Amino acid sequence: MTRVLQFFLSALPKPLGYQVQLDPLSNLFSDTELCVKCGLCLPHCPTYGKTLDENESPRGRLSLIQAWAAGQLEASPKLLGHVDNCLLCRSCESACPANVPYGRLVDNFRAATADTLVKPLSARVKTAAVGRMLQSPKLQRWSGPVRGVLTKTGLMQATGFADLAAGLPAPFEHVRWQGFHPAPGEERAKVALFLGCTAELADAETVTAAIRLLTRLGVGVTVPPGQGCCGGMALHNGDDEVFAKMQRNNQGVFNASAVDAILTLASGCGAVLKEYEAQTFTGKIKDISCFLVGHAWPENVSLEPLQAKILVHSPCSLKNVLKSDRHPQALLRRIPNLQVELLTNAPNCCGAAGTYFLDHPDMAHALREDILQNIAASLPDFVATSNVGCAMHLRAGLKQRGMGHVQVLHPLVLLERQLRTA
Ligand code: SF4
Ligand code: SF4
């Protein structure tokens, strides 16, 4: 159906003024020509939904990028601002009948204009501080005490990190992850776990649950030392050199592992690794829920029933890039008596979007508010999400609304808890 629509759309005459003379940048941006300006993406775009401004829509942004690449428009602060306001949620790509590679175009544009875009100082400081913290295990170890002091003195609010701090889960004690964790009994598969830069600080319970669950299901788990950030933050902020460096590091670390799959726990990291995976990784990068749905569970493994309600949130990266959003719900339905419902994301994106919630707090909060209203109306015990950034953003919002009793967790954490009690 999509192919038929695509054929007819490609045959439509292009709007007046569309044919542009591209300069040498055209190699990078020639795909903007694929856009036939049909507007089918507009209802799926969260920023357009909130502003009803064409410049804040996928079609509008593509036109701006195209005009800039053709030398018809300067990279003015206004133009750069419209592209910078994009969440890179990729909902437009899922809706586009012409298969415009929107995400790649925006990444290329941001890299090409990185030196021109001047973000407000506070946004730059916040993004740089978070980036530095996430790439340094040593700094992460200090985050707890520093967070305590800043909260007590009121400085957390003053420095604009309150939302970030409120989204962190309670500290979780764990044993060492790095190295090999054998499956007791017959080994049915062998995987490598990708931790990303947030595991220690914000996702320790998920990593621990993943290792316990996988090994119990007959999967040997290796957690290669030396791995690092997926580079997504650098890539989406236009720093392609840093991204390439991080990519090379992870390729070196994971190429050495002879495994059936490389599993990601945060769909945001999974989306970046999957899209830019080297030849040697081809087909190996998988979201952990996708892997567990396709894996044959041993017959002697059972889950304890749970009388509770869970809403399943679909991160944009899981839905629009990894195309794996049906897997977490399929896994959770294995828990007897658990009422599993989908969290309808009215505007598609929760607004977390990497570091977007730090430098675009107004839009991020407005988008989150729609989702919080849906949660409040549904009265769940849990909200499951497969991306740590979304989990932190939603957790902070729930706390601020006085709904901190609703636990926000990765689906695997609940599965592992029920496995343990069974
Ligand atoms: S990006 Fe795709 S859906 Fe949006 S206007 Fe262009 S062709 Fe249509
Ligand atoms: S990636 Fe998301 S925010 Fe950006 S233009 Fe597409 S739909 Fe809109």
# chains A, B, ... in the order shown; residues from 1 in each chain; ligands from 1
call {"tool": "residues_around", "arguments": {"residues": "A:Gly268", "least_positions_apart": "6", "cutoff": "10 Å", "atoms": "only C-alpha atoms", "output": "list in words"}}
result
Gly196, Cys230, Gly232, Met233, Asp287, Pro315, Cys316, Ser317, Leu318, Val321, Leu322, Ala353, Gly354, Ser386, Asn387, Val388, Gly389 and Cys390 of chain A
call {"tool": "residues_near_ligand", "arguments": {"ligand": "ligand 2", "cutoff": "6 Å", "atoms": "only C-alpha atoms and all ligand atoms", "output": "MDAnalysis selection string"}}
result
chainID A and resid 44:47 57:58 86:92
call {"tool": "residues_near_ligand", "arguments": {"ligand": "ligand 1", "cutoff": "6 Å", "atoms": "only C-alpha atoms and all ligand atoms", "output": "list in words"}}
result
Cys35, Val36, Lys37, Cys38, Gly39, Leu40, Cys41, Pro58, Arg59, Cys96, Pro97, Ala98 and Val100 of chain A
call {"tool": "write_last_selection", "arguments": {"atoms": "N, CA and C atoms", "output": "CSV table (one decimal), in the first residue's frame"}}
result
chain,number,residue,atom,x,y,z
A,35,CYS,N,11.1,14.7,-0.6
A,35,CYS,CA,9.9,15.2,0.0
A,35,CYS,C,9.0,15.8,-1.0
A,36,VAL,N,7.7,15.3,-1.1
A,36,VAL,CA,6.8,15.8,-2.1
A,36,VAL,C,5.8,16.8,-1.5
A,37,LYS,N,6.1,17.2,-0.3
A,37,LYS,CA,5.3,18.2,0.4
A,37,LYS,C,3.8,17.8,0.6
A,38,CYS,N,3.6,16.5,0.8
A,38,CYS,CA,2.2,16.1,0.9
A,38,CYS,C,1.6,16.4,2.3
A,39,GLY,N,2.4,16.6,3.3
A,39,GLY,CA,1.9,17.0,4.6
A,39,GLY,C,1.4,15.8,5.4
A,40,LEU,N,1.5,14.6,5.0
A,40,LEU,CA,1.0,13.5,5.7
A,40,LEU,C,1.7,13.3,7.1
A,41,CYS,N,2.9,13.9,7.2
A,41,CYS,CA,3.7,13.8,8.4
A,41,CYS,C,3.2,14.8,9.5
A,58,PRO,N,7.9,18.7,10.1
A,58,PRO,CA,8.9,18.1,9.3
A,58,PRO,C,9.0,18.7,7.9
A,59,ARG,N,7.9,18.9,7.3
A,59,ARG,CA,7.9,19.5,5.9
A,59,ARG,C,8.6,20.9,5.9
A,96,CYS,N,5.8,8.9,6.7
A,96,CYS,CA,6.1,9.4,5.4
A,96,CYS,C,6.0,8.4,4.2
A,97,PRO,N,5.2,8.6,3.2
A,97,PRO,CA,5.0,7.6,2.2
A,97,PRO,C,6.2,7.7,1.2
A,98,ALA,N,7.0,8.8,1.2
A,98,ALA,CA,8.1,8.9,0.3
A,98,ALA,C,9.4,8.4,0.9
A,100,VAL,N,11.4,9.7,3.2
A,100,VAL,CA,12.4,10.7,3.4
A,100,VAL,C,13.2,10.3,4.6
call {"tool": "residues_around", "arguments": {"residues": "A:Leu415", "least_positions_apart": "6", "cutoff": "12 Å", "atoms": "only C-alpha atoms", "output": "PyMOL selection string"}}
result
chain A and resi 206+209-210+212-214+216-217+289+292+301-306+328-336+338+384+409+421-422
call {"tool": "residues_around", "arguments": {"residues": "A:Val219", "least_positions_apart": "6", "cutoff": "6 Å", "atoms": "only C-alpha atoms", "output": "list of chain:residue names"}}
result
A:Ala183, A:Glu187, A:Arg188, A:Ala189, A:Lys190
call {"tool": "write_last_selection", "arguments": {"atoms": "C-alpha atoms", "output": "PDB file, in the first residue's frame"}}
result
ATOM      1  CA  ALA A 183      23.850 -19.768  32.362  1.00  0.00           C
ATOM      2  CA  GLU A 187      23.546 -22.693  27.394  1.00  0.00           C
ATOM      3  CA  ARG A 188      20.980 -21.978  24.684  1.00  0.00           C
ATOM      4  CA  ALA A 189      22.478 -18.707  23.457  1.00  0.00           C
ATOM      5  CA  LYS A 190      25.229 -16.251  24.249  1.00  0.00           C
TER       6      LYS A 190
END
call {"tool": "atom_distance", "arguments": {"atom1": "atom CA of A:Gly167", "atom2": "atom CA of A:Tyr48"}}
result
26.5 Å
call {"tool": "atom_distance", "arguments": {"atom1": "atom CA of A:Gln227", "atom2": "atom CA of A:Asn249"}}
result
6.9 Å
call {"tool": "closest_residue", "arguments": {"among": "A:Ala256, A:Val383, A:Ala376, A:Val293", "to": "A:Gln339", "atoms": "only C-alpha atoms"}}
result
A:Val383
call {"tool": "select_by_dssp", "arguments": {"residues": "stretch 177-352 of chain A", "states": "helix (DSSP H, G or I)", "output": "number ranges by chain"}}
result
A: 199-202, 204-216, 232-236, 240-255, 267-275, 279-281, 288-294, 316-321, 326-332
call {"tool": "write_last_selection", "arguments": {"atoms": "C-alpha atoms", "output": "PDB file, in the first residue's frame"}}
result
ATOM      1  CA  ALA A 199      23.649   2.299  33.482  1.00  0.00           C
ATOM      2  CA  GLU A 200      25.522   2.990  36.704  1.00  0.00           C
ATOM      3  CA  LEU A 201      23.735   6.209  37.545  1.00  0.00           C
ATOM      4  CA  ALA A 202      20.194   5.697  36.317  1.00  0.00           C
ATOM      5  CA  ALA A 204      21.441  -0.225  37.620  1.00  0.00           C
ATOM      6  CA  GLU A 205      18.344  -2.227  38.550  1.00  0.00           C
ATOM      7  CA  THR A 206      17.574  -2.874  34.865  1.00  0.00           C
ATOM      8  CA  VAL A 207      21.089  -4.138  34.115  1.00  0.00           C
ATOM      9  CA  THR A 208      21.045  -6.426  37.155  1.00  0.00           C
ATOM     10  CA  ALA A 209      17.571  -7.740  36.278  1.00  0.00           C
ATOM     11  CA  ALA A 210      18.645  -8.355  32.673  1.00  0.00           C
ATOM     12  CA  ILE A 211      21.640 -10.459  33.718  1.00  0.00           C
ATOM     13  CA  ARG A 212      19.578 -12.501  36.208  1.00  0.00           C
ATOM     14  CA  LEU A 213      16.708 -13.049  33.780  1.00  0.00           C
ATOM     15  CA  LEU A 214      18.874 -13.930  30.781  1.00  0.00           C
ATOM     16  CA  THR A 215      21.024 -16.442  32.657  1.00  0.00           C
ATOM     17  CA  ARG A 216      17.910 -18.057  34.190  1.00  0.00           C
ATOM     18  CA  GLY A 232      23.793   9.500  20.478  1.00  0.00           C
ATOM     19  CA  MET A 233      24.044  12.738  22.416  1.00  0.00           C
ATOM     20  CA  ALA A 234      27.083  13.851  20.396  1.00  0.00           C
ATOM     21  CA  LEU A 235      25.500  12.794  17.099  1.00  0.00           C
ATOM     22  CA  HIS A 236      22.224  14.615  17.673  1.00  0.00           C
ATOM     23  CA  ASP A 240      30.172  14.047  14.518  1.00  0.00           C
ATOM     24  CA  GLU A 241      33.856  13.768  15.494  1.00  0.00           C
ATOM     25  CA  VAL A 242      33.079  12.752  19.062  1.00  0.00           C
ATOM     26  CA  PHE A 243      30.361  10.427  17.773  1.00  0.00           C
ATOM     27  CA  ALA A 244      32.799   8.702  15.393  1.00  0.00           C
ATOM     28  CA  LYS A 245      35.305   8.259  18.232  1.00  0.00           C
ATOM     29  CA  MET A 246      32.714   6.631  20.492  1.00  0.00           C
ATOM     30  CA  GLN A 247      31.499   4.455  17.655  1.00  0.00           C
ATOM     31  CA  ARG A 248      35.037   3.206  16.937  1.00  0.00           C
ATOM     32  CA  ASN A 249      35.571   2.389  20.609  1.00  0.00           C
ATOM     33  CA  ASN A 250      32.386   0.302  20.837  1.00  0.00           C
ATOM     34  CA  GLN A 251      33.106  -1.450  17.566  1.00  0.00           C
ATOM     35  CA  GLY A 252      36.534  -2.473  18.875  1.00  0.00           C
ATOM     36  CA  VAL A 253      35.087  -3.715  22.163  1.00  0.00           C
ATOM     37  CA  PHE A 254      32.118  -5.640  20.734  1.00  0.00           C
ATOM     38  CA  ASN A 255      33.844  -7.032  17.641  1.00  0.00           C
ATOM     39  CA  SER A 267      16.049   1.898  23.095  1.00  0.00           C
ATOM     40  CA  GLY A 268      17.647   5.315  22.511  1.00  0.00           C
ATOM     41  CA  CYS A 269      21.116   3.674  22.475  1.00  0.00           C
ATOM     42  CA  GLY A 270      19.749   0.736  20.457  1.00  0.00           C
ATOM     43  CA  ALA A 271      18.445   3.064  17.766  1.00  0.00           C
ATOM     44  CA  VAL A 272      21.821   4.810  17.381  1.00  0.00           C
ATOM     45  CA  LEU A 273      23.820   1.564  17.354  1.00  0.00           C
ATOM     46  CA  LYS A 274      21.415  -0.109  14.944  1.00  0.00           C
ATOM     47  CA  GLU A 275      21.414   2.727  12.455  1.00  0.00           C
ATOM     48  CA  GLN A 279      29.284  -4.551   8.884  1.00  0.00           C
ATOM     49  CA  THR A 280      30.492  -6.833  11.665  1.00  0.00           C
ATOM     50  CA  PHE A 281      27.489  -5.965  13.855  1.00  0.00           C
ATOM     51  CA  ILE A 288      16.456  -6.925  24.798  1.00  0.00           C
ATOM     52  CA  SER A 289      12.648  -7.328  24.724  1.00  0.00           C
ATOM     53  CA  CYS A 290      12.793  -8.249  21.036  1.00  0.00           C
ATOM     54  CA  PHE A 291      15.422 -10.890  21.806  1.00  0.00           C
ATOM     55  CA  LEU A 292      13.468 -12.349  24.736  1.00  0.00           C
ATOM     56  CA  VAL A 293      10.249 -12.625  22.726  1.00  0.00           C
ATOM     57  CA  GLY A 294      12.074 -14.647  20.059  1.00  0.00           C
ATOM     58  CA  CYS A 316       9.940   6.910  19.933  1.00  0.00           C
ATOM     59  CA  SER A 317      13.284   5.162  19.357  1.00  0.00           C
ATOM     60  CA  LEU A 318      11.700   1.747  19.997  1.00  0.00           C
ATOM     61  CA  LYS A 319       8.676   2.498  17.831  1.00  0.00           C
ATOM     62  CA  ASN A 320      10.014   4.568  14.958  1.00  0.00           C
ATOM     63  CA  VAL A 321      13.579   3.294  14.572  1.00  0.00           C
ATOM     64  CA  ARG A 326       5.081  -4.693  20.372  1.00  0.00           C
ATOM     65  CA  HIS A 327       7.719  -6.714  22.238  1.00  0.00           C
ATOM     66  CA  PRO A 328       7.630  -5.215  25.784  1.00  0.00           C
ATOM     67  CA  GLN A 329       3.861  -5.717  26.036  1.00  0.00           C
ATOM     68  CA  ALA A 330       4.173  -9.283  24.712  1.00  0.00           C
ATOM     69  CA  LEU A 331       6.709 -10.043  27.445  1.00  0.00           C
ATOM     70  CA  LEU A 332       4.673  -8.436  30.218  1.00  0.00           C
TER      71      LEU A 332
END
call {"tool": "closest_residue", "arguments": {"among": "A:Gly103, A:Pro411, A:Pro43, A:Gly397", "to": "A:Ala166", "atoms": "only C-alpha atoms"}}
result
A:Gly397
call {"tool": "closest_residue", "arguments": {"among": "A:Gly218, A:Gly185, A:Pro169, A:Pro77", "to": "A:Trp297", "atoms": "only C-alpha atoms"}}
result
A:Gly218
call {"tool": "residues_around", "arguments": {"residues": "A:Leu28", "least_positions_apart": "6", "cutoff": "10 Å", "atoms": "only C-alpha atoms", "output": "ChimeraX atom specification"}}
result
/A:69,104-105,108-109,112
call {"tool": "atom_distance", "arguments": {"atom1": "atom CA of A:Leu398", "atom2": "atom CA of A:Glu416"}}
result
23.9 Å
